[in-house]
$ cat work27.cif   # mmCIF, N, CA and C atoms
data_structure
#
loop_
_atom_site.label_atom_id
_atom_site.label_comp_id
_atom_site.auth_asym_id
_atom_site.auth_seq_id
_atom_site.Cartn_x
_atom_site.Cartn_y
_atom_site.Cartn_z
N ASN G 1 0.85 -1.19 0.00
CA ASN G 1 0.00 0.00 0.00
C ASN G 1 0.90 1.25 0.00
N PRO G 2 0.88 2.04 -1.07
CA PRO G 2 1.76 3.21 -1.17
C PRO G 2 1.47 4.27 -0.11
N GLN G 3 0.22 4.42 0.31
CA GLN G 3 -0.10 5.46 1.29
C GLN G 3 0.49 5.15 2.65
N SER G 4 0.61 3.87 3.02
CA SER G 4 1.15 3.54 4.33
C SER G 4 2.68 3.63 4.35
N THR G 5 3.33 3.49 3.19
CA THR G 5 4.79 3.57 3.16
C THR G 5 5.28 5.01 3.07
N THR G 6 4.45 5.91 2.60
CA THR G 6 4.87 7.30 2.46
C THR G 6 5.27 7.93 3.80
N PRO G 7 4.47 7.81 4.88
CA PRO G 7 4.91 8.40 6.16
C PRO G 7 6.19 7.76 6.66
N VAL G 8 6.32 6.45 6.51
CA VAL G 8 7.52 5.77 6.98
C VAL G 8 8.74 6.27 6.21
N THR G 9 8.60 6.41 4.91
CA THR G 9 9.69 6.90 4.07
C THR G 9 10.08 8.33 4.45
N LEU G 10 9.09 9.19 4.66
CA LEU G 10 9.36 10.57 5.05
C LEU G 10 10.03 10.65 6.42
N ILE G 11 9.57 9.83 7.35
CA ILE G 11 10.15 9.84 8.69
C ILE G 11 11.58 9.34 8.66
N LEU G 12 11.84 8.27 7.91
CA LEU G 12 13.21 7.77 7.78
C LEU G 12 14.12 8.79 7.11
N ALA G 13 13.61 9.45 6.06
CA ALA G 13 14.40 10.48 5.38
C ALA G 13 14.69 11.64 6.33
N TYR G 14 13.71 12.01 7.15
CA TYR G 14 13.90 13.08 8.13
C TYR G 14 15.02 12.71 9.12
N PHE G 15 14.99 11.48 9.64
CA PHE G 15 16.02 11.08 10.61
C PHE G 15 17.39 10.96 9.97
N VAL G 16 17.46 10.51 8.72
CA VAL G 16 18.75 10.46 8.03
C VAL G 16 19.29 11.88 7.88
N LEU G 17 18.44 12.81 7.46
CA LEU G 17 18.84 14.21 7.33
C LEU G 17 19.26 14.80 8.68
N LEU G 18 18.48 14.52 9.72
CA LEU G 18 18.79 15.02 11.06
C LEU G 18 20.14 14.51 11.54
N LEU G 19 20.37 13.22 11.44
CA LEU G 19 21.63 12.65 11.91
C LEU G 19 22.81 13.12 11.07
N THR G 20 22.57 13.34 9.78
CA THR G 20 23.63 13.87 8.92
C THR G 20 24.00 15.29 9.36
N CYS G 21 22.98 16.12 9.56
CA CYS G 21 23.23 17.50 10.00
C CYS G 21 23.89 17.55 11.37
N LEU G 22 23.56 16.59 12.21
CA LEU G 22 24.09 16.58 13.57
C LEU G 22 25.54 16.12 13.62
N THR G 23 25.94 15.22 12.73
CA THR G 23 27.24 14.57 12.90
C THR G 23 28.30 14.91 11.87
N VAL G 24 27.93 15.25 10.64
CA VAL G 24 28.92 15.45 9.60
C VAL G 24 29.75 16.70 9.89
N GLN G 25 31.06 16.54 9.89
CA GLN G 25 32.02 17.61 10.17
C GLN G 25 31.68 18.38 11.44
N SER G 26 31.33 17.61 12.46
CA SER G 26 30.94 18.21 13.73
C SER G 26 31.80 17.65 14.85
N GLU G 27 32.22 18.50 15.73
CA GLU G 27 32.95 18.08 16.91
C GLU G 27 32.02 18.25 18.10
N LEU G 28 31.01 17.40 18.16
CA LEU G 28 29.96 17.54 19.16
C LEU G 28 30.47 17.46 20.59
N VAL G 29 31.43 16.60 20.84
CA VAL G 29 31.89 16.42 22.22
C VAL G 29 32.51 17.71 22.76
N THR G 30 33.29 18.39 21.95
CA THR G 30 33.92 19.62 22.43
C THR G 30 33.03 20.84 22.26
N ASN G 31 32.11 20.80 21.30
CA ASN G 31 31.22 21.94 21.06
C ASN G 31 29.83 21.42 20.66
N PRO G 32 28.97 21.19 21.65
CA PRO G 32 27.64 20.63 21.35
C PRO G 32 26.61 21.66 20.88
N ASN G 33 27.07 22.85 20.49
CA ASN G 33 26.13 23.90 20.10
C ASN G 33 25.33 23.56 18.84
N ARG G 34 25.90 22.76 17.93
CA ARG G 34 25.15 22.41 16.72
C ARG G 34 23.85 21.71 17.08
N ALA G 35 23.89 20.82 18.05
CA ALA G 35 22.67 20.12 18.48
C ALA G 35 21.67 21.12 19.07
N GLY G 36 22.16 22.13 19.78
CA GLY G 36 21.28 23.16 20.32
C GLY G 36 20.62 23.99 19.23
N PHE G 37 21.40 24.35 18.21
CA PHE G 37 20.82 25.10 17.10
C PHE G 37 19.82 24.26 16.31
N LEU G 38 20.10 22.97 16.15
CA LEU G 38 19.14 22.09 15.49
C LEU G 38 17.85 21.97 16.30
N THR G 39 17.97 21.98 17.62
CA THR G 39 16.78 21.97 18.47
C THR G 39 15.92 23.20 18.19
N LEU G 40 16.55 24.35 18.17
CA LEU G 40 15.80 25.59 17.89
C LEU G 40 15.19 25.59 16.50
N ALA G 41 15.89 24.99 15.55
CA ALA G 41 15.37 24.92 14.18
C ALA G 41 14.12 24.05 14.09
N HIS G 42 13.94 23.13 15.03
CA HIS G 42 12.76 22.26 15.03
C HIS G 42 11.49 22.98 15.50
N LEU G 43 11.64 24.02 16.29
CA LEU G 43 10.48 24.64 16.93
C LEU G 43 9.37 25.06 15.96
N PRO G 44 9.68 25.78 14.87
CA PRO G 44 8.59 26.17 13.97
C PRO G 44 7.85 24.96 13.38
N LEU G 45 8.60 23.93 13.02
CA LEU G 45 7.96 22.74 12.44
C LEU G 45 7.11 22.01 13.47
N VAL G 46 7.60 21.89 14.69
CA VAL G 46 6.81 21.22 15.74
C VAL G 46 5.51 21.98 15.97
N PHE G 47 5.56 23.30 16.01
CA PHE G 47 4.34 24.08 16.21
C PHE G 47 3.41 23.99 15.01
N LEU G 48 3.95 24.08 13.81
CA LEU G 48 3.11 23.97 12.61
C LEU G 48 2.39 22.63 12.53
N LEU G 49 3.09 21.58 12.89
CA LEU G 49 2.49 20.24 12.81
C LEU G 49 1.53 19.96 13.96
N SER G 50 1.54 20.77 15.00
CA SER G 50 0.66 20.53 16.15
C SER G 50 -0.69 21.23 16.01
N LEU G 51 -0.82 22.16 15.09
CA LEU G 51 -2.04 22.95 14.96
C LEU G 51 -3.14 22.15 14.27
N LYS G 52 -4.37 22.29 14.79
CA LYS G 52 -5.50 21.62 14.14
C LYS G 52 -5.84 22.28 12.81
N SER G 53 -5.66 23.59 12.73
CA SER G 53 -5.88 24.32 11.47
C SER G 53 -4.52 24.82 10.98
N SER G 54 -3.68 23.90 10.60
CA SER G 54 -2.32 24.23 10.22
C SER G 54 -2.25 24.83 8.82
N PRO G 55 -1.39 25.81 8.62
CA PRO G 55 -1.17 26.31 7.26
C PRO G 55 -0.66 25.20 6.32
N LEU G 56 -0.02 24.19 6.89
CA LEU G 56 0.44 23.07 6.07
C LEU G 56 -0.73 22.32 5.45
N ALA G 57 -1.86 22.26 6.17
CA ALA G 57 -3.04 21.58 5.63
C ALA G 57 -3.58 22.33 4.41
N LEU G 58 -3.38 23.65 4.36
CA LEU G 58 -3.80 24.41 3.18
C LEU G 58 -2.89 24.12 1.98
N LEU G 59 -1.60 23.93 2.26
CA LEU G 59 -0.64 23.65 1.20
C LEU G 59 -0.72 22.21 0.71
N LEU G 60 -1.20 21.32 1.56
CA LEU G 60 -1.30 19.90 1.23
C LEU G 60 -2.77 19.48 1.26
N PRO G 61 -3.50 19.66 0.16
CA PRO G 61 -4.93 19.33 0.16
C PRO G 61 -5.16 17.85 0.48
N GLY G 62 -6.17 17.58 1.28
CA GLY G 62 -6.51 16.22 1.64
C GLY G 62 -5.70 15.67 2.80
N VAL G 63 -4.80 16.49 3.33
CA VAL G 63 -3.99 16.05 4.48
C VAL G 63 -4.52 16.78 5.70
N GLY G 64 -5.21 16.05 6.56
CA GLY G 64 -5.80 16.65 7.74
C GLY G 64 -4.88 16.59 8.95
N TYR G 65 -5.38 17.09 10.06
CA TYR G 65 -4.64 17.14 11.31
C TYR G 65 -4.19 15.75 11.74
N GLU G 66 -5.05 14.75 11.54
CA GLU G 66 -4.74 13.39 11.99
C GLU G 66 -3.48 12.86 11.32
N LYS G 67 -3.31 13.16 10.04
CA LYS G 67 -2.13 12.68 9.31
C LYS G 67 -0.89 13.49 9.67
N LEU G 68 -1.05 14.77 9.92
CA LEU G 68 0.10 15.61 10.29
C LEU G 68 0.57 15.33 11.71
N ASN G 69 -0.34 14.84 12.56
CA ASN G 69 0.02 14.57 13.95
C ASN G 69 1.10 13.50 14.06
N VAL G 70 1.11 12.54 13.17
CA VAL G 70 2.16 11.51 13.17
C VAL G 70 3.52 12.17 12.99
N PHE G 71 3.61 13.11 12.07
CA PHE G 71 4.87 13.81 11.82
C PHE G 71 5.23 14.71 13.00
N HIS G 72 4.23 15.29 13.65
CA HIS G 72 4.47 16.11 14.84
C HIS G 72 5.18 15.29 15.91
N ARG G 73 4.70 14.08 16.14
CA ARG G 73 5.31 13.22 17.15
C ARG G 73 6.74 12.86 16.79
N TRP G 74 6.99 12.51 15.53
CA TRP G 74 8.34 12.10 15.13
C TRP G 74 9.31 13.27 15.08
N VAL G 75 8.86 14.44 14.65
CA VAL G 75 9.73 15.62 14.68
C VAL G 75 10.02 16.00 16.13
N GLY G 76 9.04 15.84 17.01
CA GLY G 76 9.27 16.07 18.43
C GLY G 76 10.32 15.11 18.99
N ARG G 77 10.28 13.87 18.56
CA ARG G 77 11.29 12.90 19.01
C ARG G 77 12.67 13.27 18.48
N GLY G 78 12.72 13.72 17.24
CA GLY G 78 14.00 14.17 16.68
C GLY G 78 14.53 15.37 17.43
N MET G 79 13.64 16.28 17.78
CA MET G 79 14.02 17.45 18.56
C MET G 79 14.56 17.01 19.91
N PHE G 80 13.92 16.03 20.52
CA PHE G 80 14.37 15.54 21.82
C PHE G 80 15.76 14.90 21.73
N ILE G 81 16.04 14.21 20.64
CA ILE G 81 17.38 13.66 20.45
C ILE G 81 18.41 14.79 20.45
N CYS G 82 18.10 15.87 19.73
CA CYS G 82 19.02 17.02 19.71
C CYS G 82 19.16 17.64 21.08
N VAL G 83 18.06 17.73 21.84
CA VAL G 83 18.10 18.29 23.19
C VAL G 83 18.99 17.46 24.09
N VAL G 84 18.84 16.14 24.03
CA VAL G 84 19.63 15.26 24.89
C VAL G 84 21.11 15.35 24.53
N VAL G 85 21.41 15.37 23.22
CA VAL G 85 22.81 15.49 22.80
C VAL G 85 23.40 16.81 23.27
N HIS G 86 22.69 17.90 23.02
CA HIS G 86 23.20 19.22 23.41
C HIS G 86 23.33 19.33 24.93
N GLY G 87 22.25 19.04 25.64
CA GLY G 87 22.26 19.18 27.09
C GLY G 87 23.22 18.23 27.78
N GLY G 88 23.21 16.98 27.34
CA GLY G 88 24.10 15.99 27.95
C GLY G 88 25.56 16.32 27.75
N LEU G 89 25.93 16.67 26.53
CA LEU G 89 27.34 17.00 26.26
C LEU G 89 27.74 18.33 26.90
N TRP G 90 26.82 19.25 26.96
CA TRP G 90 27.11 20.54 27.60
C TRP G 90 27.38 20.34 29.10
N ILE G 91 26.52 19.55 29.75
CA ILE G 91 26.73 19.26 31.18
C ILE G 91 28.02 18.49 31.38
N ARG G 92 28.29 17.52 30.50
CA ARG G 92 29.54 16.75 30.57
C ARG G 92 30.75 17.67 30.49
N ASN G 93 30.73 18.60 29.55
CA ASN G 93 31.85 19.53 29.39
C ASN G 93 32.03 20.41 30.62
N HIS G 94 30.93 20.88 31.20
CA HIS G 94 31.04 21.71 32.40
C HIS G 94 31.60 20.92 33.57
N LEU G 95 31.20 19.66 33.69
CA LEU G 95 31.75 18.82 34.77
C LEU G 95 33.23 18.54 34.53
N GLN G 96 33.58 18.27 33.27
CA GLN G 96 34.97 17.94 32.94
C GLN G 96 35.90 19.11 33.25
N TYR G 97 35.47 20.32 32.94
CA TYR G 97 36.33 21.49 33.12
C TYR G 97 36.09 22.23 34.44
N GLY G 98 35.25 21.65 35.30
CA GLY G 98 35.00 22.24 36.61
C GLY G 98 34.23 23.55 36.56
N LEU G 99 33.40 23.72 35.53
CA LEU G 99 32.61 24.95 35.40
C LEU G 99 31.28 24.79 36.12
N GLN G 100 30.74 25.91 36.57
CA GLN G 100 29.48 25.92 37.29
C GLN G 100 28.33 25.61 36.33
N ILE G 101 27.45 24.69 36.74
CA ILE G 101 26.31 24.32 35.88
C ILE G 101 25.12 25.23 36.16
N LEU G 102 24.81 25.46 37.41
CA LEU G 102 23.70 26.34 37.77
C LEU G 102 24.25 27.63 38.36
N GLY G 103 23.53 28.70 38.17
CA GLY G 103 23.94 29.98 38.74
C GLY G 103 23.75 31.11 37.75
N ALA G 104 24.45 31.06 36.63
CA ALA G 104 24.30 32.10 35.62
C ALA G 104 22.95 31.93 34.92
N GLN G 105 22.40 33.03 34.42
CA GLN G 105 21.08 33.03 33.78
C GLN G 105 21.00 32.03 32.63
N LYS G 106 21.98 32.05 31.74
CA LYS G 106 21.95 31.19 30.56
C LYS G 106 21.96 29.71 30.95
N GLU G 107 22.84 29.34 31.85
CA GLU G 107 22.96 27.94 32.25
C GLU G 107 21.73 27.46 33.00
N THR G 108 21.23 28.26 33.92
CA THR G 108 20.04 27.88 34.69
C THR G 108 18.83 27.75 33.79
N SER G 109 18.66 28.68 32.86
CA SER G 109 17.55 28.59 31.91
C SER G 109 17.66 27.36 31.03
N GLY G 110 18.87 27.04 30.62
CA GLY G 110 19.08 25.86 29.78
C GLY G 110 18.75 24.57 30.50
N VAL G 111 19.18 24.45 31.75
CA VAL G 111 18.88 23.24 32.52
C VAL G 111 17.38 23.15 32.78
N ALA G 112 16.72 24.27 33.06
CA ALA G 112 15.27 24.27 33.26
C ALA G 112 14.54 23.85 31.98
N ALA G 113 14.96 24.38 30.83
CA ALA G 113 14.35 23.99 29.56
C ALA G 113 14.58 22.51 29.27
N PHE G 114 15.77 22.02 29.58
CA PHE G 114 16.11 20.60 29.41
C PHE G 114 15.14 19.74 30.22
N GLY G 115 14.90 20.12 31.46
CA GLY G 115 13.98 19.39 32.31
C GLY G 115 12.55 19.45 31.83
N LEU G 116 12.11 20.63 31.39
CA LEU G 116 10.73 20.77 30.91
C LEU G 116 10.48 19.97 29.64
N ILE G 117 11.43 19.98 28.74
CA ILE G 117 11.25 19.18 27.52
C ILE G 117 11.23 17.70 27.87
N GLY G 118 12.02 17.30 28.87
CA GLY G 118 11.97 15.92 29.34
C GLY G 118 10.59 15.56 29.88
N VAL G 119 9.97 16.45 30.65
CA VAL G 119 8.63 16.22 31.18
C VAL G 119 7.62 16.10 30.03
N ILE G 120 7.73 16.98 29.04
CA ILE G 120 6.81 16.92 27.90
C ILE G 120 6.94 15.59 27.17
N VAL G 121 8.17 15.14 26.94
CA VAL G 121 8.38 13.88 26.21
C VAL G 121 7.89 12.69 27.03
N VAL G 122 8.22 12.65 28.32
CA VAL G 122 7.78 11.52 29.15
C VAL G 122 6.25 11.48 29.24
N SER G 123 5.62 12.64 29.37
CA SER G 123 4.16 12.66 29.49
C SER G 123 3.47 12.35 28.16
N SER G 124 4.19 12.42 27.05
CA SER G 124 3.57 12.14 25.76
C SER G 124 3.77 10.70 25.29
N VAL G 125 4.54 9.91 26.03
CA VAL G 125 4.71 8.50 25.68
C VAL G 125 3.37 7.79 25.88
N ARG G 126 2.99 6.96 24.93
CA ARG G 126 1.65 6.38 24.90
C ARG G 126 1.20 5.76 26.23
N PRO G 127 1.98 4.89 26.88
CA PRO G 127 1.49 4.31 28.14
C PRO G 127 1.25 5.36 29.23
N VAL G 128 2.14 6.32 29.33
CA VAL G 128 1.97 7.38 30.33
C VAL G 128 0.76 8.23 29.98
N ARG G 129 0.61 8.56 28.71
CA ARG G 129 -0.52 9.35 28.24
C ARG G 129 -1.83 8.64 28.52
N ALA G 130 -1.86 7.31 28.31
CA ALA G 130 -3.08 6.54 28.53
C ALA G 130 -3.44 6.49 30.02
N LEU G 131 -2.44 6.36 30.88
CA LEU G 131 -2.71 6.27 32.32
C LEU G 131 -3.10 7.62 32.92
N CYS G 132 -2.51 8.69 32.45
CA CYS G 132 -2.70 10.01 33.06
C CYS G 132 -3.04 11.04 31.98
N TYR G 133 -4.12 10.83 31.26
CA TYR G 133 -4.41 11.73 30.13
C TYR G 133 -4.62 13.16 30.60
N ARG G 134 -5.26 13.36 31.74
CA ARG G 134 -5.49 14.74 32.21
C ARG G 134 -4.18 15.46 32.48
N VAL G 135 -3.21 14.75 33.04
CA VAL G 135 -1.90 15.35 33.27
C VAL G 135 -1.24 15.68 31.93
N PHE G 136 -1.30 14.75 30.97
CA PHE G 136 -0.77 14.99 29.63
C PHE G 136 -1.40 16.23 29.00
N PHE G 137 -2.72 16.33 29.11
CA PHE G 137 -3.45 17.44 28.50
C PHE G 137 -3.01 18.77 29.10
N VAL G 138 -2.81 18.81 30.43
CA VAL G 138 -2.40 20.05 31.10
C VAL G 138 -0.95 20.39 30.74
N VAL G 139 -0.06 19.40 30.73
CA VAL G 139 1.35 19.64 30.46
C VAL G 139 1.53 20.12 29.02
N GLN G 140 0.82 19.53 28.10
CA GLN G 140 0.98 19.89 26.70
C GLN G 140 0.38 21.24 26.45
#
$ encode --input "work27.cif" --output "structure tokens"
Amino acid sequence: NPQSTTPVTLILAYFVLLLTCLTVQSELVTNPNRAGFLTLAHLPLVFLLSLKSSPLALLLPGVGYEKLNVFHRWVGRGMFICVVVHGGLWIRNHLQYGLQILGAQKETSGVAAFGLIGVIVVSSVRPVRALCYRVFFVVQ
């Protein structure tokens, strides 16, 4: 069935592109900023794919919210991969060089955002969402 393979193909192509952008000619361990910039680059797409009346639905006739929601979830997962890479390596570097993790505005905000995105991802996992839908609805 060609319609069922199209989302899988697009999702696989997205992850290949994401991992290519994240790793090619990148020194992530010493400078994890590329993963942080890729995280920020995901934000417009995550928001566009989450809307019930998305402008993307106007550009893609016959594609409703239900079909776009699949891509919203997978782009969110890709964004989370970038968040974990950026945040994890950033914290690792600060520990390695004895730098303060909390205290300055930028670092404290980053750790708080890291935690909040973690809560959003954990609350959106299907078993957690099924058990605590009201909590999921409020968090999202």
$ residues_around --input "work27.cif" --residues "Pro44 in chain G" --least-positions-apart "5" --cutoff "12 Å" --atoms "only C-alpha atoms" --output "ChimeraX atom specification"
/G:38-39,49-51,54-56,72,75-76,79
$ select_by_dssp --input "work27.cif" --residues "range 44-81 of chain G" --states "helix (DSSP H, G or I)" --output "MDAnalysis selection string"
chainID G and resid 44:50 55:59 65:81
$ write_last_selection --input "work27.cif" --atoms "N, CA and C atoms" --output "compact mmCIF listing (two decimals), keeping the file's coordinate frame"
# COMPACT_ATOMS: atom_id res chain seq x y z
N PRO G 44 9.68 25.78 14.87
CA PRO G 44 8.59 26.17 13.97
C PRO G 44 7.85 24.96 13.38
N LEU G 45 8.60 23.93 13.02
CA LEU G 45 7.96 22.74 12.44
C LEU G 45 7.11 22.01 13.47
N VAL G 46 7.60 21.89 14.69
CA VAL G 46 6.81 21.22 15.74
C VAL G 46 5.51 21.98 15.97
N PHE G 47 5.56 23.30 16.01
CA PHE G 47 4.34 24.08 16.21
C PHE G 47 3.41 23.99 15.01
N LEU G 48 3.95 24.08 13.81
CA LEU G 48 3.11 23.97 12.61
C LEU G 48 2.39 22.63 12.53
N LEU G 49 3.09 21.58 12.89
CA LEU G 49 2.49 20.24 12.81
C LEU G 49 1.53 19.96 13.96
N SER G 50 1.54 20.77 15.00
CA SER G 50 0.66 20.53 16.15
C SER G 50 -0.69 21.23 16.01
N PRO G 55 -1.39 25.81 8.62
CA PRO G 55 -1.17 26.31 7.26
C PRO G 55 -0.66 25.20 6.32
N LEU G 56 -0.02 24.19 6.89
CA LEU G 56 0.44 23.07 6.07
C LEU G 56 -0.73 22.32 5.45
N ALA G 57 -1.86 22.26 6.17
CA ALA G 57 -3.04 21.58 5.63
C ALA G 57 -3.58 22.33 4.41
N LEU G 58 -3.38 23.65 4.36
CA LEU G 58 -3.80 24.41 3.18
C LEU G 58 -2.89 24.12 1.98
N LEU G 59 -1.60 23.93 2.26
CA LEU G 59 -0.64 23.65 1.20
C LEU G 59 -0.72 22.21 0.71
N TYR G 65 -5.38 17.09 10.06
CA TYR G 65 -4.64 17.14 11.31
C TYR G 65 -4.19 15.75 11.74
N GLU G 66 -5.05 14.75 11.54
CA GLU G 66 -4.74 13.39 11.99
C GLU G 66 -3.48 12.86 11.32
N LYS G 67 -3.31 13.16 10.04
CA LYS G 67 -2.13 12.68 9.31
C LYS G 67 -0.89 13.49 9.67
N LEU G 68 -1.05 14.77 9.92
CA LEU G 68 0.10 15.61 10.29
C LEU G 68 0.57 15.33 11.71
N ASN G 69 -0.34 14.84 12.56
CA ASN G 69 0.02 14.57 13.95
C ASN G 69 1.10 13.50 14.06
N VAL G 70 1.11 12.54 13.17
CA VAL G 70 2.16 11.51 13.17
C VAL G 70 3.52 12.17 12.99
N PHE G 71 3.61 13.11 12.07
CA PHE G 71 4.87 13.81 11.82
C PHE G 71 5.23 14.71 13.00
N HIS G 72 4.23 15.29 13.65
CA HIS G 72 4.47 16.11 14.84
C HIS G 72 5.18 15.29 15.91
N ARG G 73 4.70 14.08 16.14
CA ARG G 73 5.31 13.22 17.15
C ARG G 73 6.74 12.86 16.79
N TRP G 74 6.99 12.51 15.53
CA TRP G 74 8.34 12.10 15.13
C TRP G 74 9.31 13.27 15.08
N VAL G 75 8.86 14.44 14.65
CA VAL G 75 9.73 15.62 14.68
C VAL G 75 10.02 16.00 16.13
N GLY G 76 9.04 15.84 17.01
CA GLY G 76 9.27 16.07 18.43
C GLY G 76 10.32 15.11 18.99
N ARG G 77 10.28 13.87 18.56
CA ARG G 77 11.29 12.90 19.01
C ARG G 77 12.67 13.27 18.48
N GLY G 78 12.72 13.72 17.24
CA GLY G 78 14.00 14.17 16.68
C GLY G 78 14.53 15.37 17.43
N MET G 79 13.64 16.28 17.78
CA MET G 79 14.02 17.45 18.56
C MET G 79 14.56 17.01 19.91
N PHE G 80 13.92 16.03 20.52
CA PHE G 80 14.37 15.54 21.82
C PHE G 80 15.76 14.90 21.73
N ILE G 81 16.04 14.21 20.64
CA ILE G 81 17.38 13.66 20.45
C ILE G 81 18.41 14.79 20.45
$ atom_distance --input "work27.cif" --atom1 "atom N of Val125 in chain G" --atom2 "atom N of Arg77 in chain G"
10.2 Å
$ closest_residue --input "work27.cif" --among "G:Thr20, G:Ser123, G:Asn31, G:Thr6" --to "Trp90 in chain G" --atoms "only C-alpha atoms"
G:Asn31
$ axis_aligned_box --input "work27.cif" --around "range 128-137 of chain G" --padding-each-side "5 Å" --output "JSON"
{"center_x": -1.7, "center_y": 12.5, "center_z": 30.8, "size_x": 17.6, "size_y": 22.5, "size_z": 15.0}
$ residues_around --input "work27.cif" --residues "Gly87 in chain G" --least-positions-apart "4" --cutoff "7 Å" --atoms "all atoms listed in the file" --output "list in words"
Pro32, Ala35, Gly36, Cys82, Val83, Ile91, Arg92 and Phe114 of chain G
$ atom_distance --input "work27.cif" --atom1 "atom N of Gly115 in chain G" --atom2 "atom N of Val84 in chain G"
9.3 Å
$ closest_residue --input "work27.cif" --among "G:Tyr97, G:Phe80, G:Tyr133, G:Phe71" --to "Ile117 in chain G" --atoms "all atoms listed in the file"
G:Phe80
$ residues_around --input "work27.cif" --residues "Ala57 in chain G" --least-positions-apart "6" --cutoff "12 Å" --atoms "only C-alpha atoms" --output "VMD selection string"
chain G and resid 48 to 51 63 to 69
$ write_last_selection --input "work27.cif" --atoms "N, CA and C atoms" --output "JSON list (two decimals), in the frame of the given file"
[["chain", "number", "residue", "atom", "x", "y", "z"],
["G", 48, "LEU", "N", 3.95, 24.08, 13.81],
["G", 48, "LEU", "CA", 3.11, 23.97, 12.61],
["G", 48, "LEU", "C", 2.39, 22.63, 12.53],
["G", 49, "LEU", "N", 3.09, 21.58, 12.89],
["G", 49, "LEU", "CA", 2.49, 20.24, 12.81],
["G", 49, "LEU", "C", 1.53, 19.96, 13.96],
["G", 50, "SER", "N", 1.54, 20.77, 15.00],
["G", 50, "SER", "CA", 0.66, 20.53, 16.15],
["G", 50, "SER", "C", -0.69, 21.23, 16.01],
["G", 51, "LEU", "N", -0.82, 22.16, 15.09],
["G", 51, "LEU", "CA", -2.04, 22.95, 14.96],
["G", 51, "LEU", "C", -3.14, 22.15, 14.27],
["G", 63, "VAL", "N", -4.80, 16.49, 3.33],
["G", 63, "VAL", "CA", -3.99, 16.05, 4.48],
["G", 63, "VAL", "C", -4.52, 16.78, 5.70],
["G", 64, "GLY", "N", -5.21, 16.05, 6.56],
["G", 64, "GLY", "CA", -5.80, 16.65, 7.74],
["G", 64, "GLY", "C", -4.88, 16.59, 8.95],
["G", 65, "TYR", "N", -5.38, 17.09, 10.06],
["G", 65, "TYR", "CA", -4.64, 17.14, 11.31],
["G", 65, "TYR", "C", -4.19, 15.75, 11.74],
["G", 66, "GLU", "N", -5.05, 14.75, 11.54],
["G", 66, "GLU", "CA", -4.74, 13.39, 11.99],
["G", 66, "GLU", "C", -3.48, 12.86, 11.32],
["G", 67, "LYS", "N", -3.31, 13.16, 10.04],
["G", 67, "LYS", "CA", -2.13, 12.68, 9.31],
["G", 67, "LYS", "C", -0.89, 13.49, 9.67],
["G", 68, "LEU", "N", -1.05, 14.77, 9.92],
["G", 68, "LEU", "CA", 0.10, 15.61, 10.29],
["G", 68, "LEU", "C", 0.57, 15.33, 11.71],
["G", 69, "ASN", "N", -0.34, 14.84, 12.56],
["G", 69, "ASN", "CA", 0.02, 14.57, 13.95],
["G", 69, "ASN", "C", 1.10, 13.50, 14.06]]
$ atom_distance --input "work27.cif" --atom1 "atom C of Val121 in chain G" --atom2 "atom N of Gly78 in chain G"
11.0 Å
$ closest_residue --input "work27.cif" --among "G:Val119, G:Leu45, G:Val70, G:Leu28" --to "Ile11 in chain G" --atoms "only C-alpha atoms"
G:Val70
$ closest_residue --input "work27.cif" --among "G:Leu60, G:Glu107, G:Leu43, G:Thr30" --to "Leu89 in chain G" --atoms "only C-alpha atoms"
G:Thr30
$ closest_residue --input "work27.cif" --among "G:Arg134, G:Lys106, G:Arg126, G:His86" --to "Val29 in chain G" --atoms "only C-alpha atoms"
G:His86
